[in-house]
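> Next comes start.tsv, TSV, C-alpha atoms and all ligand atoms:
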```tsv
chain	number	residue	atom	x	y	z
A	137	MET	CA	30.19	55.97	210.95
A	138	ILE	CA	29.74	59.64	211.76
A	139	THR	CA	27.62	60.57	214.77
A	140	ARG	CA	26.60	64.05	215.84
A	141	LEU	CA	27.28	65.05	219.45
A	142	SER	CA	26.42	68.29	221.22
A	143	ALA	CA	29.10	70.75	222.27
A	144	PRO	CA	28.64	74.10	224.01
A	145	HIS	CA	29.70	77.20	222.03
A	146	HIS	CA	30.38	75.16	218.87
A	147	GLU	CA	28.19	74.75	215.80
A	148	GLU	CA	28.88	71.05	215.28
A	149	LEU	CA	30.79	68.18	216.86
A	150	TRP	CA	31.03	64.77	215.17
A	151	ARG	CA	32.43	61.44	216.34
A	152	VAL	CA	33.99	59.50	213.47
A	153	THR	CA	34.54	55.74	213.77
A	154	ASP	CA	35.40	53.03	211.28
A	155	ASP	CA	35.65	49.46	212.58
A	156	ALA	CA	37.41	48.13	209.49
A	157	SER	CA	40.38	50.50	209.80
A	158	GLY	CA	40.24	51.12	213.56
A	159	LEU	CA	39.68	54.85	213.05
A	160	ARG	CA	38.37	56.77	216.03
A	161	GLY	CA	38.33	60.56	215.85
A	162	TYR	CA	36.38	63.79	216.05
A	163	ILE	CA	35.57	66.75	213.83
A	164	ALA	CA	34.58	70.08	215.40
A	165	LEU	CA	33.16	73.13	213.66
A	166	HIS	CA	33.39	76.11	216.00
A	167	SER	CA	32.05	78.76	213.64
A	168	THR	CA	31.11	79.03	209.98
A	169	ARG	CA	30.02	82.68	210.29
A	170	LEU	CA	32.86	83.93	208.09
A	171	GLY	CA	32.93	80.93	205.72
A	172	PRO	CA	33.52	77.17	205.69
A	173	ALA	CA	35.33	75.98	208.82
A	174	ALA	CA	39.00	75.35	208.05
A	175	GLY	CA	41.71	73.84	210.23
A	176	GLY	CA	44.09	70.91	210.21
A	177	LEU	CA	43.81	67.26	211.10
A	178	ARG	CA	45.90	66.17	214.10
A	179	MET	CA	46.81	62.62	215.06
A	180	ARG	CA	47.82	62.10	218.66
A	181	ALA	CA	47.72	59.36	221.31
A	182	TYR	CA	45.04	60.89	223.54
A	183	ASP	CA	44.46	59.28	226.95
A	184	SER	CA	40.68	59.33	226.57
A	185	ASP	CA	37.80	60.42	224.34
A	186	GLU	CA	37.26	63.34	226.74
A	187	ALA	CA	40.83	64.52	226.13
A	188	ALA	CA	40.41	64.24	222.35
A	189	ILE	CA	37.10	66.14	222.47
A	190	ALA	CA	38.58	68.88	224.68
A	191	ASP	CA	41.49	69.28	222.24
A	192	VAL	CA	39.38	69.36	219.07
A	193	LEU	CA	36.96	71.91	220.58
A	194	ASN	CA	39.76	74.14	221.82
A	195	LEU	CA	41.71	73.92	218.55
A	196	SER	CA	38.66	74.62	216.38
A	197	ARG	CA	37.84	77.73	218.43
A	198	GLY	CA	41.46	78.82	218.00
A	199	MET	CA	41.11	78.42	214.22
A	200	SER	CA	38.06	80.72	214.18
A	201	PHE	CA	40.22	83.43	215.77
A	202	LYS	CA	43.25	82.75	213.56
A	203	ASN	CA	41.22	82.81	210.33
A	204	ALA	CA	39.34	85.93	211.40
A	205	ALA	CA	42.60	87.68	212.36
A	206	ALA	CA	43.93	86.94	208.87
A	207	ASP	CA	40.72	88.41	207.43
A	208	LEU	CA	39.98	85.21	205.54
A	209	PRO	CA	36.47	84.19	204.45
A	210	LEU	CA	36.88	81.02	206.51
A	211	GLY	CA	35.48	79.83	209.80
A	212	GLY	CA	37.15	77.68	212.42
A	213	GLY	CA	37.26	73.89	212.51
A	214	LYS	CA	39.60	71.07	213.37
A	215	ALA	CA	39.73	67.27	213.28
A	216	VAL	CA	41.63	64.75	215.40
A	217	ILE	CA	42.43	61.06	215.05
A	218	MET	CA	43.08	59.20	218.29
A	219	GLY	CA	46.29	57.17	218.17
A	220	ASP	CA	50.04	57.24	217.78
A	221	PRO	CA	50.86	58.66	214.30
A	222	ARG	CA	53.08	55.60	213.75
A	223	THR	CA	49.91	53.45	213.70
A	224	LYS	CA	48.32	55.51	210.92
A	225	THR	CA	47.09	53.59	207.86
A	226	PRO	CA	45.80	54.70	204.44
A	227	ALA	CA	42.47	53.00	205.25
A	228	MET	CA	42.10	55.15	208.37
A	229	LEU	CA	42.82	58.34	206.44
A	230	ARG	CA	40.36	57.38	203.71
A	231	ALA	CA	37.67	56.71	206.32
A	232	MET	CA	38.30	60.19	207.74
A	233	GLY	CA	38.11	61.55	204.18
A	234	ARG	CA	34.68	59.94	203.72
A	235	ALA	CA	33.48	61.52	206.98
A	236	ILE	CA	34.72	64.95	205.85
A	237	GLU	CA	32.91	64.46	202.53
A	238	THR	CA	29.59	63.90	204.34
A	239	LEU	CA	29.90	67.42	205.81
A	240	GLN	CA	29.60	68.73	202.23
A	241	GLY	CA	32.22	71.46	202.46
A	242	ARG	CA	31.27	72.90	205.83
A	243	TYR	CA	34.72	71.69	207.02
A	244	TRP	CA	38.04	71.79	205.13
A	245	THR	CA	41.03	69.89	206.44
A	246	ALA	CA	44.82	70.21	206.01
A	247	GLU	CA	47.98	69.04	207.83
A	248	ASP	CA	48.53	69.46	211.52
A	249	MET	CA	50.74	67.51	213.95
A	250	GLY	CA	51.30	63.93	212.86
A	251	MET	CA	50.18	64.52	209.23
A	252	SER	CA	52.06	64.97	205.96
A	253	PRO	CA	51.17	66.10	202.41
A	254	ALA	CA	51.14	62.39	201.44
A	255	ASP	CA	48.44	61.79	204.07
A	256	MET	CA	46.41	64.67	202.62
A	257	ALA	CA	46.72	63.05	199.19
A	258	GLU	CA	45.22	59.86	200.66
A	259	ILE	CA	42.30	61.83	202.14
A	260	ALA	CA	41.86	63.59	198.78
A	261	ARG	CA	40.92	60.22	197.24
A	262	GLU	CA	37.65	60.45	199.19
A	263	THR	CA	36.91	64.17	199.44
A	264	ARG	CA	37.74	67.41	197.67
A	265	TYR	CA	37.57	69.35	200.96
A	266	VAL	CA	41.26	68.96	201.70
A	267	ALA	CA	44.20	71.38	201.30
A	268	GLY	CA	47.93	71.27	202.00
A	269	LEU	CA	48.57	69.09	198.96
A	270	ASP	CA	51.96	68.93	197.26
A	271	SER	CA	50.64	68.73	193.73
A	272	GLY	CA	47.57	69.76	191.79
A	273	PRO	CA	46.36	73.00	190.20
A	274	PHE	CA	46.08	75.04	193.43
A	275	ALA	CA	48.42	73.01	195.68
A	276	SER	CA	49.94	75.22	198.37
A	277	GLY	CA	52.78	72.95	199.59
A	278	ASP	CA	54.74	73.76	202.74
A	279	PRO	CA	53.26	76.84	204.49
A	280	SER	CA	56.30	77.37	206.73
A	281	PRO	CA	58.16	80.01	204.65
A	282	VAL	CA	55.00	82.15	204.54
A	283	THR	CA	54.44	81.63	208.28
A	284	ALA	CA	58.02	82.78	208.88
A	285	GLN	CA	57.52	85.86	206.67
A	286	GLY	CA	54.43	86.81	208.70
A	287	VAL	CA	56.31	86.39	211.99
A	288	PHE	CA	59.22	88.46	210.61
A	289	ASN	CA	56.83	91.27	209.57
A	290	ALA	CA	55.16	91.18	213.00
A	291	LEU	CA	58.54	91.19	214.76
A	292	LYS	CA	59.50	94.41	212.95
A	293	ILE	CA	56.18	96.03	213.92
A	294	GLY	CA	56.78	94.98	217.53
A	295	LEU	CA	60.37	96.25	217.46
A	296	LYS	CA	59.13	99.67	216.37
A	297	GLN	CA	56.55	99.75	219.14
A	298	ARG	CA	58.87	98.47	221.90
A	299	TYR	CA	62.24	99.92	220.91
A	300	GLY	CA	61.29	102.74	218.51
A	301	ARG	CA	63.13	101.29	215.51
A	302	ASP	CA	62.46	98.71	212.81
A	303	ASP	CA	66.03	98.28	211.65
A	304	LEU	CA	67.18	94.84	212.70
A	305	SER	CA	70.91	95.37	212.24
A	306	GLY	CA	72.54	95.10	215.63
A	307	THR	CA	69.39	93.64	217.21
A	308	THR	CA	69.83	90.36	219.09
A	309	VAL	CA	67.10	87.74	218.66
A	310	ALA	CA	66.93	84.47	220.63
A	311	VAL	CA	65.12	81.79	218.62
A	312	GLN	CA	63.70	78.66	220.31
A	313	GLY	CA	63.09	75.91	217.75
A	314	LEU	CA	64.82	75.66	214.36
A	315	GLY	CA	62.27	73.54	212.50
A	316	HIS	CA	60.30	74.40	209.39
A	317	VAL	CA	59.33	77.90	210.54
A	318	GLY	CA	62.24	78.67	212.88
A	319	TRP	CA	64.88	78.07	210.21
A	320	HIS	CA	63.15	80.36	207.69
A	321	LEU	CA	62.68	83.03	210.37
A	322	CYS	CA	66.41	82.85	211.12
A	323	ARG	CA	67.15	83.23	207.42
A	324	LEU	CA	65.09	86.42	207.19
A	325	LEU	CA	66.56	87.82	210.42
A	326	HIS	CA	70.12	87.00	209.34
A	327	GLU	CA	69.57	88.68	205.95
A	328	ALA	CA	68.29	91.76	207.80
A	329	GLY	CA	71.46	91.92	209.90
A	330	ALA	CA	70.19	90.59	213.25
A	331	ARG	CA	72.51	88.76	215.64
A	332	LEU	CA	71.08	85.32	216.44
A	333	ILE	CA	71.23	83.12	219.53
A	334	LEU	CA	69.65	79.72	218.88
A	335	ALA	CA	68.43	76.59	220.66
A	336	ASP	CA	66.84	73.31	219.60
A	337	THR	CA	66.48	69.93	221.28
A	338	ASP	CA	67.86	68.45	218.04
A	339	ALA	CA	71.66	68.94	218.25
A	340	ALA	CA	72.19	68.44	214.51
A	341	LYS	CA	69.62	71.10	213.59
A	342	LEU	CA	71.19	73.48	216.10
A	343	ALA	CA	74.69	72.98	214.71
A	344	GLN	CA	73.48	73.40	211.12
A	345	SER	CA	71.53	76.58	211.86
A	346	CYS	CA	74.41	78.11	213.80
A	347	ALA	CA	76.65	77.46	210.77
A	348	ASP	CA	74.03	78.75	208.30
A	349	PHE	CA	73.46	82.02	210.15
A	350	ASP	CA	76.74	82.68	211.91
A	351	ALA	CA	74.85	82.30	215.17
A	352	THR	CA	75.62	81.39	218.79
A	353	ALA	CA	74.15	78.26	220.41
A	354	ALA	CA	72.37	78.46	223.77
A	355	ASP	CA	71.27	75.83	226.28
A	356	VAL	CA	67.82	74.58	225.31
A	357	THR	CA	66.55	74.98	228.89
A	358	ARG	CA	67.82	78.60	229.15
A	359	ILE	CA	67.12	80.09	225.71
A	360	HIS	CA	64.17	82.07	227.10
A	361	ALA	CA	66.47	83.79	229.60
A	362	THR	CA	69.01	84.89	226.97
A	363	GLU	CA	70.22	88.48	226.98
A	364	ALA	CA	68.47	89.67	223.79
A	365	GLU	CA	66.01	92.32	222.66
A	366	VAL	CA	63.66	89.71	221.15
A	367	PHE	CA	62.67	86.17	222.15
A	368	ALA	CA	61.06	84.12	219.35
A	369	PRO	CA	59.31	80.92	220.54
A	370	CYS	CA	59.12	78.70	217.43
A	371	ALA	CA	58.95	75.22	218.98
A	372	ILE	CA	56.19	74.08	221.32
A	373	GLY	CA	53.32	75.77	223.18
A	374	GLY	CA	53.26	76.90	226.80
A	375	THR	CA	56.84	78.18	226.96
A	376	LEU	CA	55.67	81.50	228.45
A	377	ASN	CA	54.58	80.59	231.95
A	378	ALA	CA	54.88	81.48	235.64
A	379	THR	CA	58.39	79.96	235.78
A	380	THR	CA	59.89	81.35	232.56
A	381	ILE	CA	58.35	84.84	232.49
A	382	PRO	CA	60.27	86.16	235.55
A	383	GLU	CA	63.49	84.95	233.88
A	384	LEU	CA	62.96	86.62	230.49
A	385	ARG	CA	65.40	89.37	229.56
A	386	ALA	CA	63.94	90.28	226.16
A	387	GLY	CA	61.56	93.21	225.87
A	388	LEU	CA	59.65	91.72	222.93
A	389	ILE	CA	58.15	88.26	222.31
A	390	ALA	CA	57.57	87.49	218.63
A	391	GLY	CA	57.32	83.88	217.56
A	392	ALA	CA	55.49	81.26	215.51
A	393	ALA	CA	54.53	78.66	218.12
A	394	ASN	CA	50.83	78.10	218.76
A	395	ASN	CA	49.52	78.70	222.29
A	396	GLN	CA	52.71	80.33	223.60
A	397	LEU	CA	51.00	81.47	226.82
A	398	ALA	CA	50.48	78.61	229.28
A	399	THR	CA	47.47	80.44	230.79
A	400	PRO	CA	45.62	83.71	230.01
A	401	GLU	CA	47.14	85.21	233.19
A	402	ASP	CA	50.59	84.90	231.62
A	403	ALA	CA	49.63	87.77	229.30
A	404	ASP	CA	49.25	89.97	232.41
A	405	ARG	CA	52.55	88.67	233.86
A	406	LEU	CA	54.33	89.78	230.67
A	407	ALA	CA	52.59	93.17	230.61
A	408	ALA	CA	53.46	93.75	234.28
A	409	ARG	CA	57.14	93.28	233.41
A	410	GLY	CA	56.91	95.70	230.46
A	411	ILE	CA	57.47	92.89	227.95
A	412	LEU	CA	55.57	93.37	224.68
A	413	TYR	CA	53.89	90.12	223.60
A	414	LEU	CA	52.73	89.69	220.00
A	415	PRO	CA	49.56	87.53	220.02
A	416	ASP	CA	50.58	84.18	218.52
A	417	TYR	CA	47.57	83.55	216.32
A	418	VAL	CA	48.06	86.93	214.63
A	419	ALA	CA	51.85	86.63	214.32
A	420	ASN	CA	51.69	83.12	212.82
A	421	GLY	CA	48.70	83.62	210.49
A	422	GLY	CA	50.84	83.43	207.35
A	423	GLY	CA	50.53	79.65	207.26
A	424	ILE	CA	46.75	79.62	207.10
A	425	ILE	CA	46.85	82.40	204.48
A	426	ASN	CA	48.97	80.09	202.34
A	427	VAL	CA	46.55	77.18	202.84
A	428	ALA	CA	43.54	79.46	202.22
A	429	ALA	CA	44.82	80.29	198.73
A	430	GLU	CA	44.40	76.58	197.96
A	431	ILE	CA	40.95	76.25	199.58
A	432	LEU	CA	39.68	79.39	197.85
A	433	ARG	CA	41.30	78.34	194.54
A	434	ILE	CA	43.12	81.65	194.08
A	435	GLU	CA	44.59	81.95	190.56
A	436	THR	CA	47.04	84.72	191.38
A	437	ARG	CA	48.56	83.14	194.48
A	438	ALA	CA	51.69	85.27	195.07
A	439	PRO	CA	50.11	88.76	195.02
A	440	TRP	CA	47.05	87.49	196.92
A	441	VAL	CA	49.21	86.02	199.69
A	442	ALA	CA	51.37	89.17	199.81
A	443	ALA	CA	48.30	91.40	200.16
A	444	ARG	CA	46.91	89.22	202.98
A	445	LEU	CA	50.26	89.29	204.78
A	446	ASP	CA	50.23	93.10	204.57
A	447	ALA	CA	46.71	93.15	205.99
A	448	LEU	CA	47.82	90.86	208.82
A	449	GLY	CA	50.55	93.38	209.64
A	450	THR	CA	47.96	96.17	209.71
A	451	THR	CA	45.86	94.13	212.13
A	452	MET	CA	48.89	93.59	214.38
A	453	THR	CA	49.70	97.32	214.30
A	454	ARG	CA	46.09	98.11	215.27
A	455	ILE	CA	46.09	95.61	218.14
A	456	LEU	CA	49.37	96.96	219.53
A	457	ALA	CA	48.16	100.57	219.27
A	458	HIS	CA	44.91	99.78	221.11
A	459	ALA	CA	46.78	97.79	223.75
A	460	ALA	CA	49.22	100.67	224.34
A	461	ALA	CA	46.37	103.20	224.55
A	462	LYS	CA	44.50	101.09	227.09
A	463	ASP	CA	47.62	99.92	228.92
A	464	ALA	CA	46.42	96.34	228.39
A	465	SER	CA	48.01	93.18	227.09
A	466	PRO	CA	47.92	92.78	223.29
A	467	ALA	CA	46.76	89.19	223.91
A	468	HIS	CA	43.54	90.37	225.57
A	469	LEU	CA	43.03	93.18	223.03
A	470	ALA	CA	43.43	90.69	220.17
A	471	ASP	CA	40.77	88.42	221.65
A	472	THR	CA	38.40	91.39	221.93
A	473	ILE	CA	39.07	92.89	218.48
A	474	ILE	CA	39.10	89.58	216.62
A	475	GLY	CA	36.21	88.21	218.71
A	476	GLU	CA	34.06	91.07	217.38
A	477	ARG	CA	34.62	89.81	213.83
A	478	LEU	CA	33.05	86.51	214.88
A	479	LEU	CA	29.84	88.00	216.30
A	480	PRO	CA	26.66	87.83	214.22
A	481	ARG	CA	26.08	91.09	212.36
A	482	ALA	CA	23.29	93.25	213.81
A	483	GLY	CA	20.14	93.41	211.64
A	501	LIG	P1	58.77	71.72	213.43
A	501	LIG	O1	58.35	70.46	214.09
A	501	LIG	O2	59.28	71.70	212.04
A	501	LIG	O3	59.90	72.45	214.32
A	501	LIG	C1	59.89	72.51	215.72
A	501	LIG	C2	61.35	72.52	216.17
A	501	LIG	O4	61.37	72.74	217.57
A	501	LIG	C3	62.08	71.21	215.91
A	501	LIG	O5	63.33	71.48	215.29
A	501	LIG	C4	62.25	70.60	217.30
A	501	LIG	O6	63.43	69.83	217.42
A	501	LIG	C5	62.31	71.85	218.15
A	501	LIG	N1	61.93	71.68	219.55
A	501	LIG	C6	60.99	70.88	220.09
A	501	LIG	N2	60.91	71.06	221.42
A	501	LIG	C7	61.82	72.02	221.71
A	501	LIG	C8	62.20	72.68	222.91
A	501	LIG	N3	61.65	72.36	224.08
A	501	LIG	N4	63.15	73.63	222.86
A	501	LIG	C9	63.73	73.95	221.68
A	501	LIG	N5	63.41	73.36	220.51
A	501	LIG	C10	62.47	72.41	220.53
A	501	LIG	O7	57.52	72.71	213.56
A	501	LIG	P2	57.22	74.02	212.72
A	501	LIG	O8	56.34	73.68	211.58
A	501	LIG	O9	58.47	74.79	212.50
A	501	LIG	O10	56.30	74.81	213.76
A	501	LIG	C11	56.86	75.47	214.89
A	501	LIG	C12	55.73	76.05	215.74
A	501	LIG	O11	54.98	76.97	214.97
A	501	LIG	C13	54.73	75.00	216.24
A	501	LIG	O12	54.27	75.40	217.51
A	501	LIG	C14	53.61	75.09	215.22
A	501	LIG	O13	52.37	74.68	215.78
A	501	LIG	C15	53.61	76.57	214.92
A	501	LIG	N6	53.05	76.92	213.62
A	501	LIG	C16	53.59	76.39	212.47
A	501	LIG	C17	53.09	76.76	211.24
A	501	LIG	C18	53.71	76.26	209.97
A	501	LIG	O14	53.45	76.87	208.90
A	501	LIG	N7	54.54	75.24	210.00
A	501	LIG	C19	51.94	77.67	211.11
A	501	LIG	C20	51.48	78.22	212.38
A	501	LIG	C21	52.02	77.82	213.58
```
Would you encode the structure as structure tokens?

Amino acid sequence: MITRLSAPHHEELWRVTDDASGLRGYIALHSTRLGPAAGGLRMRAYDSDEAAIADVLNLSRGMSFKNAAADLPLGGGKAVIMGDPRTKTPAMLRAMGRAIETLQGRYWTAEDMGMSPADMAEIARETRYVAGLDSGPFASGDPSPVTAQGVFNALKIGLKQRYGRDDLSGTTVAVQGLGHVGWHLCRLLHEAGARLILADTDAAKLAQSCADFDATAADVTRIHATEAEVFAPCAIGGTLNATTIPELRAGLIAGAANNQLATPEDADRLAARGILYLPDYVANGGGIINVAAEILRIETRAPWVAARLDALGTTMTRILAHAAAKDASPAHLADTIIGERLLPRAG
């Protein structure tokens, strides 16, 4: 059953339930002004319906900004399933697929936390409005290498702005999180001659990455305070906060993690310390560009993705230039510049 609820500042909010499979979840469409709302499906053990609703609304708004920053003809949406991902069943996923189908293409889903390409294939049995598939004519597969390429491009733009050079040889980068994106970012940085200091809560991944990239390991609780020009958060959100910011020694923050700032005020804390912060949803937009090629059924994937990545770099350059001119945080400038793309056109 799919039931419409009201939500401030969002176009649509739906509760999705299915007694037979035990599915309970939500779908939020923040904005379809630029195109169909696109954003992943997350499964998480929320404490309450209120917590699930707050998350889906916040995440769908974030997708509007991320898609607009990447200049994609897509709006912002998101879906959540309440529950531990280990309790996921095919019947649950198919019920969510049927709910997505009833929205008739106003919302497109893909993987987020707790979901895999195999899960997307299950959903695809009920709806065509699903991306992030491993096989099929437009399948986009793992977006992480493209996300890493976008972060790498952004990092070089930031390096130029903060340190006046874009040559990475001899530059030290501290990378937090060596997962799908972090590992590929390390590969690109290593190839460009950067010196790497790495941390991950997974000891095996840390050891492997240090061997792969001739890198030094750091304590996972102190990686943010490493002596380095660049700090790259590529693990979890909220790692830039009132506790960690005073301890940072890097002059540039360039990473893939979503929601790196614990609060909006943390952008001002970074600016006050002269630390250049690259807005996360612009830096990590490569992943959604990769998924968009599947949603939009792009025939010439590689050049299309490359052109969008270039455009994302131009947007980052513009945001940093405006921020420098106004002596403001790039995070706030990004919200203003990208927010304008989401406003209804006059006339
Ligand atoms: P992942 O789950 O593959 O990798 C995360 C890594 O961080 C894991 O190796 C994990 O052990 C490590 N980790 C977890 N907590 C940590 C901590 N406190 N300190 C150090 N390491 C820790 O995730 P993935 O796909 O690489 O994504 C990384 C970040 O980038 C996430 O925040 C994700 O939301 C974001 N992102 C990912 C995209 C993609 O294409 N995969 C696209 C856009 C954003």
> Taking all atoms listed in the file and a cut-off of 7 Å, can you tell me which residues surround ligand LIG 501 (chain A), written as a ChimeraX atom specification?
/A:279-280,283,312-318,335-338,341,356,370-373,392-394,420-424
> Using all atoms listed in the file, can you list as number ranges by chain the residues within 6 Å of (36.5, 56.2, 208.5)?
A: 153-154, 159, 228, 231-232
> Enter the distance from CA of Trp150 in chain A to CA of Arg242 in chain A, in Å, rounded to one decimal.
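These two atoms are separated by 12.4 Å.
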> Can you write out as CSV which residues of range 375-403 of chain A fall within 9 Å of range 292-305 of chain A, alongside each residue's closest atom pair and its distance in Å to one decimal, counting only C-alpha atoms and ordering rows by chain and ascending residue number?

```
residue,atom,partner,partner_atom,distance
A:Gly387,CA,A:Arg298,CA,7.1
A:Leu388,CA,A:Arg298,CA,6.9
A:Ile389,CA,A:Gly294,CA,8.4
A:Ala390,CA,A:Gly294,CA,7.6
```
> Export, as a short mmCIF file (atom, residue, chain, number, x, y, z; two decimals), in the coordinates of the input, the selected residues with C-alpha atoms.

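The file below, selection_9.cif, is the result:
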```cif
data_model
loop_
_atom_site.label_atom_id
_atom_site.label_comp_id
_atom_site.auth_asym_id
_atom_site.auth_seq_id
_atom_site.Cartn_x
_atom_site.Cartn_y
_atom_site.Cartn_z
CA GLY A 387 61.56 93.21 225.87
CA LEU A 388 59.65 91.72 222.93
CA ILE A 389 58.15 88.26 222.31
CA ALA A 390 57.57 87.49 218.63
#
```
> Which residue out of A:Gly176, A:Pro480, A:Gly219, A:Gly272 has the minimum interatomic distance to Met249 in chain A when only C-alpha atoms are used?
A:Gly176
> I'd like the interatomic distance between CA of Leu193 in chain A and CA of Val427 in chain A, to a tenth of an Å.
20.8 Å
> Check the smallest atom-to-atom distance from each of A:Ala438, A:Ala275, A:Ala143, A:Leu291 to Pro369 in chain A using all atoms listed in the file, then report the winner.
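Of A:Ala438, A:Ala275, A:Ala143, A:Leu291, the one nearest Pro369 in chain A, counting all atoms listed in the file, is A:Leu291.
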> Any chance you could tabulate, as a Markdown table, the residues of range 208-284 of chain A at most 12 Å from range 461-478 of chain A with each one's nearest atom pair and distance in Å to one decimal, using only C-alpha atoms, in chain and rising number order?

```
| residue | atom | partner | partner_atom | distance |
| --- | --- | --- | --- | --- |
| A:Leu208 | CA | A:Arg477 | CA | 10.9 |
| A:Pro209 | CA | A:Arg477 | CA | 11.1 |
| A:Leu210 | CA | A:Leu478 | CA | 10.7 |
| A:Gly211 | CA | A:Leu478 | CA | 8.7 |
| A:Gly212 | CA | A:Leu478 | CA | 10.0 |
```
> Would you write out those residues with C-alpha atoms, as a short mmCIF file (atom, residue, chain, number, x, y, z; two decimals), in the coordinates of the input?

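Result saved to out-v6.cif:
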```cif
data_model
loop_
_atom_site.label_atom_id
_atom_site.label_comp_id
_atom_site.auth_asym_id
_atom_site.auth_seq_id
_atom_site.Cartn_x
_atom_site.Cartn_y
_atom_site.Cartn_z
CA LEU A 208 39.98 85.21 205.54
CA PRO A 209 36.47 84.19 204.45
CA LEU A 210 36.88 81.02 206.51
CA GLY A 211 35.48 79.83 209.80
CA GLY A 212 37.15 77.68 212.42
#
```
> Give me, please, the distance in Å between CA of Ala246 in chain A and CA of Pro415 in chain A, quoted to one decimal.
22.8 Å
> Have a look at A:Val216, A:Ala386, A:Met199, A:Leu229 and name the one nearest to Ala156 in chain A; count only C-alpha atoms.
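Nearest candidate to Ala156 in chain A out of A:Val216, A:Ala386, A:Met199, A:Leu229: A:Leu229.
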> Which of these residues is nearest to Ala204 in chain A, using all atoms listed in the file: A:Thr451, A:Thr352, A:Asn289, A:Thr245?
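The shortest atom-to-atom distance to Ala204 in chain A comes from A:Thr451.
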> Pick out the closest residue to Leu165 in chain A from this set: A:Cys322, A:Ala284, A:Ala181, A:Ile236. Count only C-alpha atoms.
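Ranking A:Cys322, A:Ala284, A:Ala181, A:Ile236 by distance to Leu165 in chain A, first place goes to A:Ile236.
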> Can you pull out the residues contacting Ala190 in chain A? Cut-off 12 Å, using all atoms listed in the file, and skip same-chain residues under 6 positions away; I want them as a list in words.
Ala143, Pro144, His146, Leu149, Tyr162, Ile163, Ala164, Tyr182, Asp183, Ser184, Ser196, Arg197, Lys214, Ala215 and Val216 of chain A
> Mind checking which residues fall within 10 Å of Ile431 in chain A, counting all atoms listed in the file, ignoring those fewer than 6 positions away in the same chain, and posting them as a list in words?
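That gives Pro172, Ala174, Leu210, Trp244, Thr245, Ala246, Arg264, Tyr265, Val266, Ala267, Gly268, Phe274, Ala275, Ser276 and Ile425 of chain A.
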